[in-house]
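Below is the file target_24.txt, which contains compact mmCIF, N, CA and C atoms.
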# COMPACT_ATOMS: atom_id res chain seq x y z
N MET A 218 288.60 -25.11 119.32
CA MET A 218 287.67 -26.20 119.53
C MET A 218 286.56 -25.74 120.45
N GLY A 219 285.43 -26.32 120.24
CA GLY A 219 284.29 -26.04 121.11
C GLY A 219 283.57 -27.33 121.43
N LEU A 220 282.97 -27.40 122.60
CA LEU A 220 282.22 -28.58 123.04
C LEU A 220 280.92 -28.09 123.65
N THR A 221 279.81 -28.55 123.10
CA THR A 221 278.52 -28.13 123.63
C THR A 221 278.10 -29.05 124.77
N ARG A 222 277.02 -28.68 125.43
CA ARG A 222 276.51 -29.48 126.55
C ARG A 222 276.15 -30.90 126.14
N ASN A 223 275.72 -31.08 124.90
CA ASN A 223 275.35 -32.43 124.45
C ASN A 223 276.51 -33.11 123.72
N CYS A 224 277.71 -32.65 123.98
CA CYS A 224 278.96 -33.27 123.52
C CYS A 224 279.17 -33.20 122.01
N VAL A 225 278.68 -32.15 121.38
CA VAL A 225 279.00 -31.92 119.97
C VAL A 225 280.31 -31.14 119.92
N VAL A 226 281.29 -31.67 119.23
CA VAL A 226 282.59 -31.03 119.14
C VAL A 226 282.67 -30.26 117.83
N THR A 227 283.08 -29.00 117.92
CA THR A 227 283.20 -28.14 116.75
C THR A 227 284.62 -27.61 116.66
N SER A 228 285.18 -27.68 115.48
CA SER A 228 286.49 -27.09 115.24
C SER A 228 286.29 -25.77 114.51
N PHE A 229 286.87 -24.71 115.05
CA PHE A 229 286.72 -23.39 114.46
C PHE A 229 287.83 -23.09 113.44
N THR A 230 288.75 -24.01 113.29
CA THR A 230 289.79 -23.88 112.27
C THR A 230 289.87 -25.20 111.50
N LYS A 231 290.34 -25.13 110.29
CA LYS A 231 290.47 -26.34 109.47
C LYS A 231 291.67 -27.14 109.96
N MET A 232 291.48 -28.44 110.12
CA MET A 232 292.57 -29.31 110.54
C MET A 232 292.37 -30.68 109.90
N PRO A 233 293.43 -31.45 109.81
CA PRO A 233 293.30 -32.79 109.24
C PRO A 233 292.36 -33.65 110.10
N GLU A 234 291.62 -34.52 109.44
CA GLU A 234 290.68 -35.39 110.15
C GLU A 234 291.38 -36.21 111.23
N SER A 235 292.57 -36.71 110.94
CA SER A 235 293.28 -37.54 111.92
C SER A 235 293.61 -36.74 113.19
N GLU A 236 293.96 -35.47 113.04
CA GLU A 236 294.25 -34.63 114.19
C GLU A 236 292.99 -34.38 115.02
N PHE A 237 291.86 -34.18 114.33
CA PHE A 237 290.59 -33.98 115.00
C PHE A 237 290.21 -35.22 115.82
N ILE A 238 290.37 -36.40 115.22
CA ILE A 238 290.06 -37.66 115.91
C ILE A 238 290.97 -37.85 117.11
N GLU A 239 292.25 -37.54 116.97
CA GLU A 239 293.19 -37.64 118.10
C GLU A 239 292.76 -36.73 119.24
N TYR A 240 292.30 -35.53 118.91
CA TYR A 240 291.82 -34.58 119.92
C TYR A 240 290.61 -35.16 120.66
N ILE A 241 289.69 -35.74 119.90
CA ILE A 241 288.50 -36.34 120.51
C ILE A 241 288.92 -37.47 121.45
N ASP A 242 289.75 -38.37 120.96
CA ASP A 242 290.18 -39.53 121.75
C ASP A 242 291.03 -39.15 122.95
N GLY A 243 291.90 -38.15 122.77
CA GLY A 243 292.86 -37.82 123.82
C GLY A 243 292.38 -36.81 124.84
N ILE A 244 291.43 -35.95 124.45
CA ILE A 244 291.01 -34.88 125.36
C ILE A 244 289.52 -34.92 125.66
N VAL A 245 288.69 -34.98 124.63
CA VAL A 245 287.24 -34.86 124.84
C VAL A 245 286.67 -36.06 125.58
N ILE A 246 286.95 -37.26 125.12
CA ILE A 246 286.38 -38.44 125.77
C ILE A 246 286.84 -38.56 127.22
N PRO A 247 288.13 -38.36 127.53
CA PRO A 247 288.53 -38.39 128.94
C PRO A 247 287.79 -37.33 129.79
N LEU A 248 287.54 -36.15 129.24
CA LEU A 248 286.79 -35.13 129.99
C LEU A 248 285.35 -35.56 130.23
N ILE A 249 284.73 -36.18 129.24
CA ILE A 249 283.36 -36.67 129.42
C ILE A 249 283.32 -37.73 130.51
N LEU A 250 284.26 -38.67 130.47
CA LEU A 250 284.30 -39.73 131.48
C LEU A 250 284.55 -39.16 132.88
N LYS A 251 285.44 -38.19 132.99
CA LYS A 251 285.73 -37.56 134.27
C LYS A 251 284.48 -36.85 134.80
N SER A 252 283.79 -36.16 133.94
CA SER A 252 282.57 -35.46 134.34
C SER A 252 281.51 -36.44 134.83
N ARG A 253 281.36 -37.54 134.12
CA ARG A 253 280.38 -38.55 134.54
C ARG A 253 280.71 -39.11 135.91
N ARG A 254 282.00 -39.36 136.15
CA ARG A 254 282.40 -39.90 137.46
C ARG A 254 282.12 -38.88 138.57
N GLU A 255 282.44 -37.62 138.30
CA GLU A 255 282.27 -36.56 139.31
C GLU A 255 280.80 -36.25 139.59
N HIS A 256 279.94 -36.48 138.61
CA HIS A 256 278.53 -36.14 138.77
C HIS A 256 277.65 -37.39 138.91
N GLY A 257 278.27 -38.50 139.23
CA GLY A 257 277.50 -39.71 139.48
C GLY A 257 276.78 -40.29 138.29
N GLY A 258 277.30 -40.05 137.10
CA GLY A 258 276.71 -40.63 135.90
C GLY A 258 275.47 -39.91 135.41
N GLU A 259 275.25 -38.71 135.88
CA GLU A 259 274.07 -37.94 135.46
C GLU A 259 274.11 -37.61 133.98

Target encoding structure tokens, full file:
Amino acid sequence: MGLTRNCVVTSFTKMPESEFIEYIDGIVIPLILKSRREHGGE
């Protein structure tokens, strides 16, 4: 998986759509929210 600065998520291997969505919901979104809190919403 890859995540760019503008929050584009890229999968470098083929995976089921449901697994990709779970990854976004379970890992990516919490990281974005944590980053926003740590950087004052910048």

Spatial neighbours of Phe237 in chain A, max dist 10 Å, only C-alpha atoms, sep filter under 4 positions, as a ChimeraX atom specification: /A:218,226-228,231-233,241-243

Please, which residues of chain A, numbered as in this document, come out alpha helix (DSSP H) from DSSP, as a list of chain:residue names?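 Assigned to alpha helix (DSSP H), within chain A: A:Glu234, A:Ser235, A:Glu236, A:Phe237, A:Ile238, A:Glu239, A:Tyr240, A:Ile246, A:Pro247, A:Leu248, A:Ile249, A:Leu250, A:Lys251, A:Ser252, A:Arg253, A:Arg254, A:Glu255.
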
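When CA of His256 in chain A is paired with atom C of Tyr240 in chain A, their separation reads 21.8 Å.
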
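For chain A, the set of residues given strand (DSSP E) by DSSP on the backbone reads A:Gly219, A:Leu220, A:Val226, A:Thr227.
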
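Atom pair atom N of Arg253 in chain A / atom C of Thr221 in chain A has a distance of 13.0 Å (rounded to one decimal).
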
Could you tell me how far atom C of Cys224 in chain A lies from atom N of Ile249 in chain A, in Å and to one decimal?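 These two atoms are separated by 9.6 Å.
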
With distances taken over only C-alpha atoms, which residue among A:Ile244, A:Glu239, A:Glu255, A:Leu250 lies nearest Gly219 in chain A?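 Ranked by minimum distance to Gly219 in chain A, first place goes to A:Ile244.
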